[in-house]
Each structure stands twice: as C-alpha cells, then as structure tokens.
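J.: Next up, model_10.pdb (PDB, C-alpha atoms, pLDDT in the B column).
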ATOM      1  CA  MET X   1     267.554 195.828 219.361  1.00 92.00           C
ATOM      2  CA  LYS X   2     268.964 198.498 221.625  1.00 95.00           C
ATOM      3  CA  LEU X   3     266.866 199.700 224.536  1.00 96.00           C
ATOM      4  CA  TYR X   4     267.106 203.009 226.409  1.00 98.00           C
ATOM      5  CA  ILE X   5     265.023 204.542 229.171  1.00 98.00           C
ATOM      6  CA  LEU X   6     264.510 208.226 229.908  1.00 98.00           C
ATOM      7  CA  ARG X   7     262.824 209.774 232.909  1.00 97.00           C
ATOM      8  CA  HIS X   8     260.903 212.973 232.223  1.00 97.00           C
ATOM      9  CA  ALA X   9     262.616 216.301 232.894  1.00 97.00           C
ATOM     10  CA  GLN X  10     262.088 218.379 236.047  1.00 97.00           C
ATOM     11  CA  ARG X  11     258.374 218.733 236.755  1.00 96.00           C
ATOM     12  CA  GLU X  12     256.170 220.870 238.929  1.00 94.00           C
ATOM     13  CA  SER X  13     255.639 219.554 242.462  1.00 90.00           C
ATOM     14  CA  THR X  14     252.328 217.782 241.783  1.00 82.00           C
ATOM     15  CA  HIS X  15     252.073 214.269 240.319  1.00 78.00           C
ATOM     16  CA  THR X  16     248.902 214.339 238.220  1.00 79.00           C
ATOM     17  CA  PHE X  17     248.308 213.494 234.576  1.00 80.00           C
ATOM     18  CA  HIS X  18     248.432 217.213 233.671  1.00 84.00           C
ATOM     19  CA  THR X  19     251.555 218.119 235.680  1.00 89.00           C
ATOM     20  CA  GLN X  20     253.881 220.069 233.412  1.00 94.00           C
ATOM     21  CA  LEU X  21     257.614 220.619 233.285  1.00 97.00           C
ATOM     22  CA  THR X  22     259.115 223.530 235.175  1.00 97.00           C
ATOM     23  CA  THR X  23     260.968 226.271 233.298  1.00 97.00           C
ATOM     24  CA  GLN X  24     264.208 224.413 234.087  1.00 98.00           C
ATOM     25  CA  GLY X  25     262.643 221.177 232.823  1.00 97.00           C
ATOM     26  CA  HIS X  26     261.754 222.821 229.506  1.00 98.00           C
ATOM     27  CA  LEU X  27     265.290 224.211 229.199  1.00 98.00           C
ATOM     28  CA  SER X  28     266.777 220.758 229.833  1.00 97.00           C
ATOM     29  CA  ALA X  29     264.402 219.210 227.275  1.00 97.00           C
ATOM     30  CA  GLN X  30     265.603 221.759 224.703  1.00 97.00           C
ATOM     31  CA  SER X  31     269.303 221.260 225.421  1.00 97.00           C
ATOM     32  CA  SER X  32     270.923 218.384 227.346  1.00 97.00           C
ATOM     33  CA  ILE X  33     268.042 215.926 226.980  1.00 97.00           C
ATOM     34  CA  LEU X  34     267.643 216.763 223.284  1.00 97.00           C
ATOM     35  CA  HIS X  35     271.370 216.107 222.724  1.00 98.00           C
ATOM     36  CA  SER X  36     271.207 212.852 224.702  1.00 98.00           C
ATOM     37  CA  ILE X  37     268.296 211.585 222.624  1.00 98.00           C
ATOM     38  CA  GLN X  38     269.971 212.659 219.378  1.00 98.00           C
ATOM     39  CA  SER X  39     273.124 210.771 220.375  1.00 98.00           C
ATOM     40  CA  ILE X  40     271.275 207.427 220.500  1.00 97.00           C
ATOM     41  CA  CYS X  41     269.286 207.973 217.245  1.00 97.00           C
ATOM     42  CA  PRO X  42     266.076 206.240 218.334  1.00 98.00           C
ATOM     43  CA  THR X  43     263.981 204.605 215.639  1.00 97.00           C
ATOM     44  CA  HIS X  44     260.973 204.236 217.980  1.00 97.00           C
ATOM     45  CA  ILE X  45     259.977 206.234 221.052  1.00 98.00           C
ATOM     46  CA  TYR X  46     257.347 204.781 223.376  1.00 97.00           C
ATOM     47  CA  VAL X  47     256.159 207.568 225.668  1.00 96.00           C
ATOM     48  CA  SER X  48     253.839 207.701 228.672  1.00 93.00           C
ATOM     49  CA  PRO X  49     250.726 209.768 227.857  1.00 90.00           C
ATOM     50  CA  PHE X  50     251.363 212.072 230.847  1.00 90.00           C
ATOM     51  CA  ILE X  51     251.966 215.685 229.829  1.00 92.00           C
ATOM     52  CA  ARG X  52     255.441 215.956 231.411  1.00 95.00           C
ATOM     53  CA  THR X  53     256.836 212.969 229.501  1.00 96.00           C
ATOM     54  CA  ILE X  54     255.614 214.265 226.158  1.00 96.00           C
ATOM     55  CA  GLN X  55     256.936 217.765 226.915  1.00 97.00           C
ATOM     56  CA  THR X  56     260.328 216.158 227.608  1.00 98.00           C
ATOM     57  CA  ILE X  57     260.604 214.760 224.073  1.00 98.00           C
ATOM     58  CA  GLN X  58     258.821 217.549 222.166  1.00 97.00           C
ATOM     59  CA  PRO X  59     262.045 219.327 221.104  1.00 98.00           C
ATOM     60  CA  PHE X  60     263.338 216.037 219.666  1.00 98.00           C
ATOM     61  CA  ILE X  61     260.029 215.328 217.891  1.00 96.00           C
ATOM     62  CA  GLN X  62     260.070 218.798 216.318  1.00 95.00           C
ATOM     63  CA  GLN X  63     263.585 218.256 214.936  1.00 96.00           C
ATOM     64  CA  HIS X  64     263.081 214.595 213.973  1.00 96.00           C
ATOM     65  CA  PRO X  65     259.496 214.172 212.738  1.00 93.00           C
ATOM     66  CA  GLN X  66     260.379 210.915 210.952  1.00 93.00           C
ATOM     67  CA  THR X  67     260.959 209.098 214.261  1.00 95.00           C
ATOM     68  CA  SER X  68     258.163 206.723 215.187  1.00 94.00           C
ATOM     69  CA  ILE X  69     256.393 208.078 218.309  1.00 95.00           C
ATOM     70  CA  ILE X  70     254.000 205.712 220.078  1.00 94.00           C
ATOM     71  CA  VAL X  71     251.854 206.694 223.061  1.00 92.00           C
ATOM     72  CA  GLU X  72     252.242 203.781 225.471  1.00 93.00           C
ATOM     73  CA  TYR X  73     249.751 203.681 228.306  1.00 88.00           C
ATOM     74  CA  ALA X  74     251.676 200.848 230.007  1.00 91.00           C
ATOM     75  CA  LEU X  75     254.332 203.480 230.781  1.00 94.00           C
ATOM     76  CA  SER X  76     251.854 205.634 232.745  1.00 89.00           C
ATOM     77  CA  GLU X  77     252.785 206.661 236.267  1.00 85.00           C
ATOM     78  CA  LEU X  78     251.768 204.313 239.093  1.00 76.00           C
ATOM     79  CA  LEU X  79     248.098 205.146 239.515  1.00 67.00           C
ATOM     80  CA  SER X  80     247.697 205.428 243.265  1.00 62.00           C
ATOM     81  CA  SER X  81     246.092 207.723 245.787  1.00 52.00           C
ATOM     82  CA  HIS X  82     249.454 209.103 246.976  1.00 51.00           C
ATOM     83  CA  LEU X  83     249.787 210.727 243.538  1.00 50.00           C
ATOM     84  CA  GLY X  84     246.471 212.502 243.791  1.00 51.00           C
ATOM     85  CA  PHE X  85     244.389 209.836 242.078  1.00 50.00           C
ATOM     86  CA  GLU X  86     241.363 209.558 244.335  1.00 50.00           C
ATOM     87  CA  GLU X  87     238.653 208.309 242.003  1.00 49.00           C
ATOM     88  CA  LYS X  88     237.891 204.633 241.527  1.00 45.00           C
ATOM     89  CA  GLN X  89     238.465 205.124 237.818  1.00 45.00           C
ATOM     90  CA  ILE X  90     241.286 207.349 236.594  1.00 49.00           C
ATOM     91  CA  ASN X  91     240.716 209.852 233.795  1.00 54.00           C
ATOM     92  CA  VAL X  92     243.765 209.552 231.557  1.00 60.00           C
ATOM     93  CA  GLU X  93     243.060 211.350 228.323  1.00 60.00           C
ATOM     94  CA  HIS X  94     243.220 209.836 224.894  1.00 63.00           C
ATOM     95  CA  PRO X  95     244.137 210.931 222.461  1.00 62.00           C
ATOM     96  CA  SER X  96     246.962 212.622 224.256  1.00 71.00           C
ATOM     97  CA  PRO X  97     246.433 216.390 224.020  1.00 72.00           C
ATOM     98  CA  LEU X  98     250.052 216.905 222.926  1.00 80.00           C
ATOM     99  CA  LEU X  99     250.246 213.966 220.472  1.00 83.00           C
ATOM    100  CA  PRO X 100     246.706 213.653 219.116  1.00 78.00           C
ATOM    101  CA  ASN X 101     247.717 211.658 216.015  1.00 82.00           C
ATOM    102  CA  ALA X 102     250.252 209.316 217.594  1.00 86.00           C
ATOM    103  CA  PRO X 103     249.390 205.640 217.472  1.00 85.00           C
ATOM    104  CA  ILE X 104     248.704 203.671 220.645  1.00 85.00           C
ATOM    105  CA  GLY X 105     251.137 200.924 221.619  1.00 87.00           C
ATOM    106  CA  TYR X 106     250.448 197.698 223.480  1.00 88.00           C
ATOM    107  CA  TYR X 107     248.229 198.944 226.317  1.00 83.00           C
ATOM    108  CA  ASN X 108     245.086 200.372 224.732  1.00 73.00           C
ATOM    109  CA  PRO X 109     243.180 202.874 226.924  1.00 69.00           C
ATOM    110  CA  HIS X 110     239.937 201.963 225.171  1.00 65.00           C
ATOM    111  CA  GLN X 111     240.271 198.368 226.365  1.00 59.00           C
ATOM    112  CA  VAL X 112     241.629 199.033 229.848  1.00 57.00           C
ATOM    113  CA  GLN X 113     239.844 200.630 232.758  1.00 58.00           C
ATOM    114  CA  TYR X 114     242.286 202.728 234.758  1.00 59.00           C
ATOM    115  CA  THR X 115     241.796 202.201 238.467  1.00 65.00           C
ATOM    116  CA  ILE X 116     243.864 202.726 241.582  1.00 71.00           C
ATOM    117  CA  GLU X 117     246.514 200.014 241.386  1.00 78.00           C
ATOM    118  CA  THR X 118     249.000 198.289 243.644  1.00 80.00           C
ATOM    119  CA  ARG X 119     252.727 198.085 242.938  1.00 84.00           C
ATOM    120  CA  SER X 120     252.198 194.427 242.032  1.00 87.00           C
ATOM    121  CA  GLN X 121     249.554 195.365 239.445  1.00 85.00           C
ATOM    122  CA  MET X 122     251.833 198.074 238.054  1.00 87.00           C
ATOM    123  CA  LYS X 123     254.688 195.546 237.808  1.00 91.00           C
ATOM    124  CA  THR X 124     252.442 193.159 235.860  1.00 91.00           C
ATOM    125  CA  ARG X 125     251.342 195.976 233.525  1.00 90.00           C
ATOM    126  CA  VAL X 126     254.929 197.027 232.804  1.00 93.00           C
ATOM    127  CA  HIS X 127     256.315 193.486 232.502  1.00 95.00           C
ATOM    128  CA  ASP X 128     253.525 192.443 230.101  1.00 94.00           C
ATOM    129  CA  PHE X 129     254.365 195.458 227.938  1.00 95.00           C
ATOM    130  CA  LEU X 130     258.095 194.636 228.008  1.00 96.00           C
ATOM    131  CA  GLN X 131     257.431 191.047 226.922  1.00 95.00           C
ATOM    132  CA  TRP X 132     255.351 192.368 224.015  1.00 95.00           C
ATOM    133  CA  LEU X 133     258.031 194.966 223.135  1.00 96.00           C
ATOM    134  CA  ILE X 134     260.875 192.441 223.195  1.00 94.00           C
ATOM    135  CA  ASN X 135     258.914 189.992 221.042  1.00 94.00           C
ATOM    136  CA  LYS X 136     258.064 192.758 218.572  1.00 94.00           C
ATOM    137  CA  HIS X 137     261.610 194.134 218.199  1.00 93.00           C
ATOM    138  CA  ARG X 138     263.840 191.178 219.194  1.00 89.00           C
ATOM    139  CA  GLU X 139     265.229 190.438 215.741  1.00 90.00           C
ATOM    140  CA  SER X 140     265.506 194.069 214.650  1.00 92.00           C
ATOM    141  CA  ASN X 141     268.247 196.658 214.630  1.00 94.00           C
ATOM    142  CA  ASP X 142     265.805 199.154 216.142  1.00 96.00           C
ATOM    143  CA  THR X 143     266.855 201.602 218.817  1.00 96.00           C
ATOM    144  CA  ILE X 144     263.985 201.901 221.272  1.00 97.00           C
ATOM    145  CA  LEU X 145     263.554 204.736 223.771  1.00 98.00           C
ATOM    146  CA  LEU X 146     261.043 204.367 226.609  1.00 98.00           C
ATOM    147  CA  VAL X 147     260.051 207.679 228.247  1.00 98.00           C
ATOM    148  CA  SER X 148     258.382 207.326 231.598  1.00 97.00           C
ATOM    149  CA  HIS X 149     258.399 207.936 235.358  1.00 95.00           C
ATOM    150  CA  LYS X 150     260.663 206.881 238.229  1.00 92.00           C
ATOM    151  CA  GLY X 151     258.453 204.068 239.571  1.00 90.00           C
ATOM    152  CA  ILE X 152     257.823 202.668 236.108  1.00 94.00           C
ATOM    153  CA  ILE X 153     261.533 202.831 235.309  1.00 95.00           C
ATOM    154  CA  SER X 154     262.261 200.789 238.442  1.00 94.00           C
ATOM    155  CA  ALA X 155     259.756 198.178 237.169  1.00 94.00           C
ATOM    156  CA  ILE X 156     261.437 198.162 233.736  1.00 95.00           C
ATOM    157  CA  LEU X 157     264.854 197.629 235.306  1.00 94.00           C
ATOM    158  CA  ASN X 158     263.385 194.965 237.618  1.00 93.00           C
ATOM    159  CA  TRP X 159     262.333 192.950 234.561  1.00 92.00           C
ATOM    160  CA  PHE X 160     265.974 192.739 233.473  1.00 91.00           C
ATOM    161  CA  ASP X 161     267.424 192.560 236.999  1.00 90.00           C
ATOM    162  CA  PRO X 162     265.056 191.131 239.641  1.00 90.00           C
ATOM    163  CA  SER X 163     267.319 192.377 242.449  1.00 88.00           C
ATOM    164  CA  ILE X 164     266.035 195.911 241.764  1.00 87.00           C
ATOM    165  CA  ILE X 165     263.104 196.546 244.086  1.00 84.00           C
ATOM    166  CA  ILE X 166     260.210 198.324 242.424  1.00 82.00           C
ATOM    167  CA  ASP X 167     259.405 201.900 243.422  1.00 73.00           C
ATOM    168  CA  GLN X 168     261.590 201.854 246.531  1.00 77.00           C
ATOM    169  CA  PRO X 169     262.157 205.351 248.030  1.00 76.00           C
ATOM    170  CA  ASN X 170     265.962 205.067 247.764  1.00 79.00           C
ATOM    171  CA  PHE X 171     265.846 204.063 244.054  1.00 87.00           C
ATOM    172  CA  GLN X 172     267.918 206.667 242.216  1.00 90.00           C
ATOM    173  CA  PHE X 173     267.017 207.709 238.676  1.00 93.00           C
ATOM    174  CA  GLN X 174     267.164 211.458 238.203  1.00 95.00           C
ATOM    175  CA  MET X 175     264.681 213.536 236.229  1.00 95.00           C
ATOM    176  CA  GLY X 176     266.079 213.869 232.710  1.00 96.00           C
ATOM    177  CA  GLU X 177     268.376 210.844 233.101  1.00 96.00           C
ATOM    178  CA  LEU X 178     268.823 208.600 230.065  1.00 97.00           C
ATOM    179  CA  GLN X 179     270.260 205.109 230.452  1.00 96.00           C
ATOM    180  CA  HIS X 180     271.036 202.174 228.165  1.00 96.00           C
ATOM    181  CA  VAL X 181     269.428 198.910 229.297  1.00 94.00           C
ATOM    182  CA  THR X 182     271.331 195.698 228.747  1.00 83.00           C
ATOM    183  CA  THR X 183     268.853 193.274 227.228  1.00 69.00           C
ATOM    184  CA  THR X 184     270.962 190.107 227.250  1.00 60.00           C
ATOM    185  CA  LEU X 185     268.433 188.380 229.519  1.00 46.00           C
ATOM    186  CA  VAL X 186     265.720 188.348 226.845  1.00 47.00           C
TER     187      VAL X 186
END
Re-express the file's structure as structure tokens.
T.:
Amino acid sequence: MKLYILRHAQRESTHTFHTQLTTQGHLSAQSSILHSIQSICPTHIYVSPFIRTIQTIQPFIQQHPQTSIIVEYALSELLSSHLGFEEKQINVEHPSPLLPNAPIGYYNPHQVQYTIETRSQMKTRVHDFLQWLINKHRESNDTILLVSHKGIISAILNWFDPSIIIDQPNFQFQMGELQHVTTTLV
C-alpha cells in the first residue's frame, strides 16, 4: 500500500461545510493538482465531504471515473466553534451534494452525531479511521489518496510520527499540497 495526503486547494476565507474554492483554487485543481494526482495513479480516493475538498478532486474524477471515490466523514474538518460551528449538533450533509452516489467509508454519518469536538476527540476520530484503513489495505498494492484539511492532515501525520503536534498554528501544509506518507510504522 502507498499512502498520499492532499490538502484542498485555495478556498474562500470562511471555514464552513459549504465553503468553496476560489477562482485560483479551481484553476489549481484543473492544472497542477490534477497533474499531481495523475502522477501517483490512485486506486482509491478517500475524501472529506466538505465542498472544497470534493471540488479539489473533481477534475481528476471527471477524467478518471474508474477510480474508487469514497466519502470519508472521518476526514471532515475539526468541528469547532472557531470554524463557525456554533450548534450543539453539526449539520454535515449526506449524501454529499457533489458526490451523491459515492459510498461512505469507515465513519458513517448515519451512525455518528456530529458535535463540537476537541482536538483530542478529532485525533481519536482520525486515528481510528487510519487503523481501519491500514488494516483494510495493508496487504494490497493499492495507492490511497486522502483528501482533507490542514488540522486533519496534522492528525494523520501524527499517527505515523507522534512528534508532530496536532493542529498547531505553525504546522505547514499548503493548500493544494500533495505528500507521500511513509507507512513503515504500521
């Protein structure tokens, strides 16, 4: 198994479920990000249900409809009040309006009640998903791409390297950045 992570392209300034890519973000998704994804030839893409992450991979999906696309709610942005989530329960849509027929991965929105969460709860959510993902694909030659958000990416990297502090302000992972993850620790 090969594992890659991709942060969504440049987004509008808000951080809600419906936040879309900027014009520049769409252009990047159609050019440099598309070429980066094509270069790794993913067999499975697990994508956060947030609009901006799906918009980031749409050009690839259109050109490669045979690739397995899975909406993974464990890759959702950290659900906290600083991102505009004020309600006790978060309304994250399913099915995703941009991928209405995509299957759901490990974290089923029908079985989970979205609520404001702490970084520790987010870490548990992401690490539980990664354990499931590794067990599912460990013996395969699959190339897996995870498409998510900066804080979630820090939690993914923390699973493989505990010295990475989750969602720290100085954590650097640019919008549109794609990175290979060394999975030798699994």
J.: Point out the residue among X:His8, X:His26, X:His137, X:Lys2 with the least atom-to-atom distance to X:Lys150, counting all atoms listed in the file.
T.: X:His8
J.: Output the residue selection produced by the PyMOL selection byres ((chain X and resi 71-75) around 7) on the file above, formatted as a ChimeraX atom specification.
T.: /X:46-49,69-70,76-77,102-109,125-126,129,148,152
J.: Figure out the distance between atom CA of X:Ile153 and atom CA of X:His18, please, to one decimal in Å.
T.: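 Atom CA of X:Ile153 lies 19.5 Å from atom CA of X:His18.
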J.: Evaluated on this file, the PyMOL selection byres ((chain X and resi 167-174) around 6) picks out some residues - which ones are they, written as a ChimeraX atom specification?
T.: /X:151,154,166,175,177
J.: Out of X:Ile51, X:Ile40, X:Ile156, X:Leu133, which residue has the shortest atom-to-atom distance to X:Glu12 when counting all atoms listed in the file?
T.: X:Ile51
J.: How big is the axis-aligned box around all listed atoms of stretch 129-148 of chain X once 4 Å goes on each side, and where's its centre, in Å to one decimal, as AutoDock Vina command-line options?
T.:
--center_x 261.3 --center_y 198.8 --center_z 223.1 --size_x 21.9 --size_y 25.7 --size_z 25.0
J.: Skip X:Gln62 itself and residues of its chain fewer than 4 positions away, then list as a PyMOL selection string all residues within 12 Å of it, counting all atoms listed in the file.
T.: chain X and resi 29-30+34+54-58+66-67+69+99
J.: Do you know which residues lie at most 10 Å from (261.5, 191.5, 231.3), with coordinates as in the file and all atoms listed in the file counted, and could you write them as a ChimeraX atom specification?
T.: /X:126-134,155-162,183,185-186
J.: Using atom CA of X:Phe17 and atom CA of X:Arg52 as the two end points, give the distance in Å to one decimal.
T.: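 Calculated distance between atom CA of X:Phe17 and atom CA of X:Arg52 is 8.2 Å.
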J.: Measuring between only C-alpha atoms, which one of X:Thr118, X:Ser39, X:Asn141, X:Asn135 shows the shortest distance to X:Leu178?
T.: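 For X:Leu178, the nearest of the candidates is X:Ser39.
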J.: For atom CA of X:Met1 and atom CA of X:Ser96, quote the distance in Å rounded to one decimal.
T.: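 Here the two named atoms are 27.0 Å from each other.
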J.: Rank nothing, just name the residue among X:Ile45, X:Thr182, X:Glu117, X:Pro59 nearest to X:Ser32, using all atoms listed in the file.
T.: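 Closest to X:Ser32 of all the choices is X:Pro59.
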J.: Between X:Arg138, X:His64, X:Arg7, X:His149, single out the one closest to X:Ile33, counting all atoms listed in the file.
T.: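 Residue with the minimum atom-to-atom distance to X:Ile33: X:Arg7.
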J.: Hey, which of X:Ile165, X:Val147, X:Ile61, X:Val181 ends up closest to X:Leu6? Count only C-alpha atoms.
T.: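 Closest to X:Leu6 of all the choices is X:Val147.
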J.: For stretch 121-151 of chain X, which lacks atoms in the input, supply N, CA and C atoms and format the output as a compact mmCIF listing (two decimals), keeping the file's coordinate frame.
T.:
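This is the output file rebuild.txt:
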# COMPACT_ATOMS: atom_id res chain seq x y z
N GLN X 121 250.32 195.20 240.69
CA GLN X 121 249.55 195.36 239.44
C GLN X 121 250.34 196.21 238.44
N MET X 122 251.01 197.25 238.94
CA MET X 122 251.83 198.07 238.05
C MET X 122 252.96 197.24 237.46
N LYS X 123 253.61 196.41 238.28
CA LYS X 123 254.69 195.55 237.81
C LYS X 123 254.18 194.63 236.69
N THR X 124 253.01 194.03 236.88
CA THR X 124 252.44 193.16 235.86
C THR X 124 252.18 193.93 234.57
N ARG X 125 251.62 195.14 234.70
CA ARG X 125 251.34 195.98 233.52
C ARG X 125 252.62 196.26 232.75
N VAL X 126 253.67 196.67 233.46
CA VAL X 126 254.93 197.03 232.80
C VAL X 126 255.61 195.79 232.24
N HIS X 127 255.64 194.70 232.97
CA HIS X 127 256.32 193.49 232.50
C HIS X 127 255.59 192.87 231.30
N ASP X 128 254.27 192.92 231.28
CA ASP X 128 253.52 192.44 230.10
C ASP X 128 253.89 193.27 228.87
N PHE X 129 253.96 194.59 229.05
CA PHE X 129 254.36 195.46 227.94
C PHE X 129 255.78 195.12 227.46
N LEU X 130 256.71 194.94 228.40
CA LEU X 130 258.10 194.64 228.01
C LEU X 130 258.19 193.33 227.23
N GLN X 131 257.43 192.32 227.66
CA GLN X 131 257.43 191.05 226.92
C GLN X 131 256.95 191.27 225.49
N TRP X 132 255.87 192.05 225.34
CA TRP X 132 255.35 192.37 224.02
C TRP X 132 256.40 193.14 223.20
N LEU X 133 257.03 194.13 223.82
CA LEU X 133 258.03 194.97 223.14
C LEU X 133 259.22 194.13 222.66
N ILE X 134 259.73 193.28 223.54
CA ILE X 134 260.88 192.44 223.20
C ILE X 134 260.50 191.50 222.05
N ASN X 135 259.34 190.88 222.12
CA ASN X 135 258.91 189.99 221.04
C ASN X 135 258.78 190.74 219.72
N LYS X 136 258.28 191.95 219.79
CA LYS X 136 258.06 192.76 218.57
C LYS X 136 259.38 193.19 217.92
N HIS X 137 260.37 193.55 218.74
CA HIS X 137 261.61 194.13 218.20
C HIS X 137 262.85 193.25 218.34
N ARG X 138 262.70 192.04 218.87
CA ARG X 138 263.84 191.18 219.19
C ARG X 138 264.83 191.01 218.04
N GLU X 139 264.35 190.74 216.88
CA GLU X 139 265.23 190.44 215.74
C GLU X 139 265.60 191.68 214.93
N SER X 140 265.29 192.85 215.42
CA SER X 140 265.51 194.07 214.65
C SER X 140 266.78 194.79 215.08
N ASN X 141 267.15 195.75 214.28
CA ASN X 141 268.25 196.66 214.63
C ASN X 141 267.69 197.96 215.18
N ASP X 142 266.46 197.95 215.64
CA ASP X 142 265.80 199.15 216.14
C ASP X 142 266.48 199.66 217.41
N THR X 143 266.45 200.97 217.57
CA THR X 143 266.86 201.60 218.82
C THR X 143 265.58 202.15 219.44
N ILE X 144 265.24 201.59 220.60
CA ILE X 144 263.98 201.90 221.27
C ILE X 144 264.26 202.80 222.47
N LEU X 145 263.49 203.86 222.60
CA LEU X 145 263.55 204.74 223.77
C LEU X 145 262.21 204.68 224.47
N LEU X 146 262.24 204.36 225.77
CA LEU X 146 261.04 204.37 226.61
C LEU X 146 261.11 205.60 227.49
N VAL X 147 260.08 206.44 227.48
CA VAL X 147 260.05 207.68 228.25
C VAL X 147 258.95 207.55 229.29
N SER X 148 259.36 207.62 230.56
CA SER X 148 258.38 207.33 231.60
C SER X 148 258.72 208.04 232.91
N HIS X 149 258.35 207.38 234.01
CA HIS X 149 258.40 207.94 235.36
C HIS X 149 259.27 207.04 236.24
N LYS X 150 259.72 207.58 237.35
CA LYS X 150 260.66 206.88 238.23
C LYS X 150 260.18 205.49 238.64
N GLY X 151 258.96 205.37 239.14
CA GLY X 151 258.45 204.07 239.57
C GLY X 151 258.36 203.07 238.44
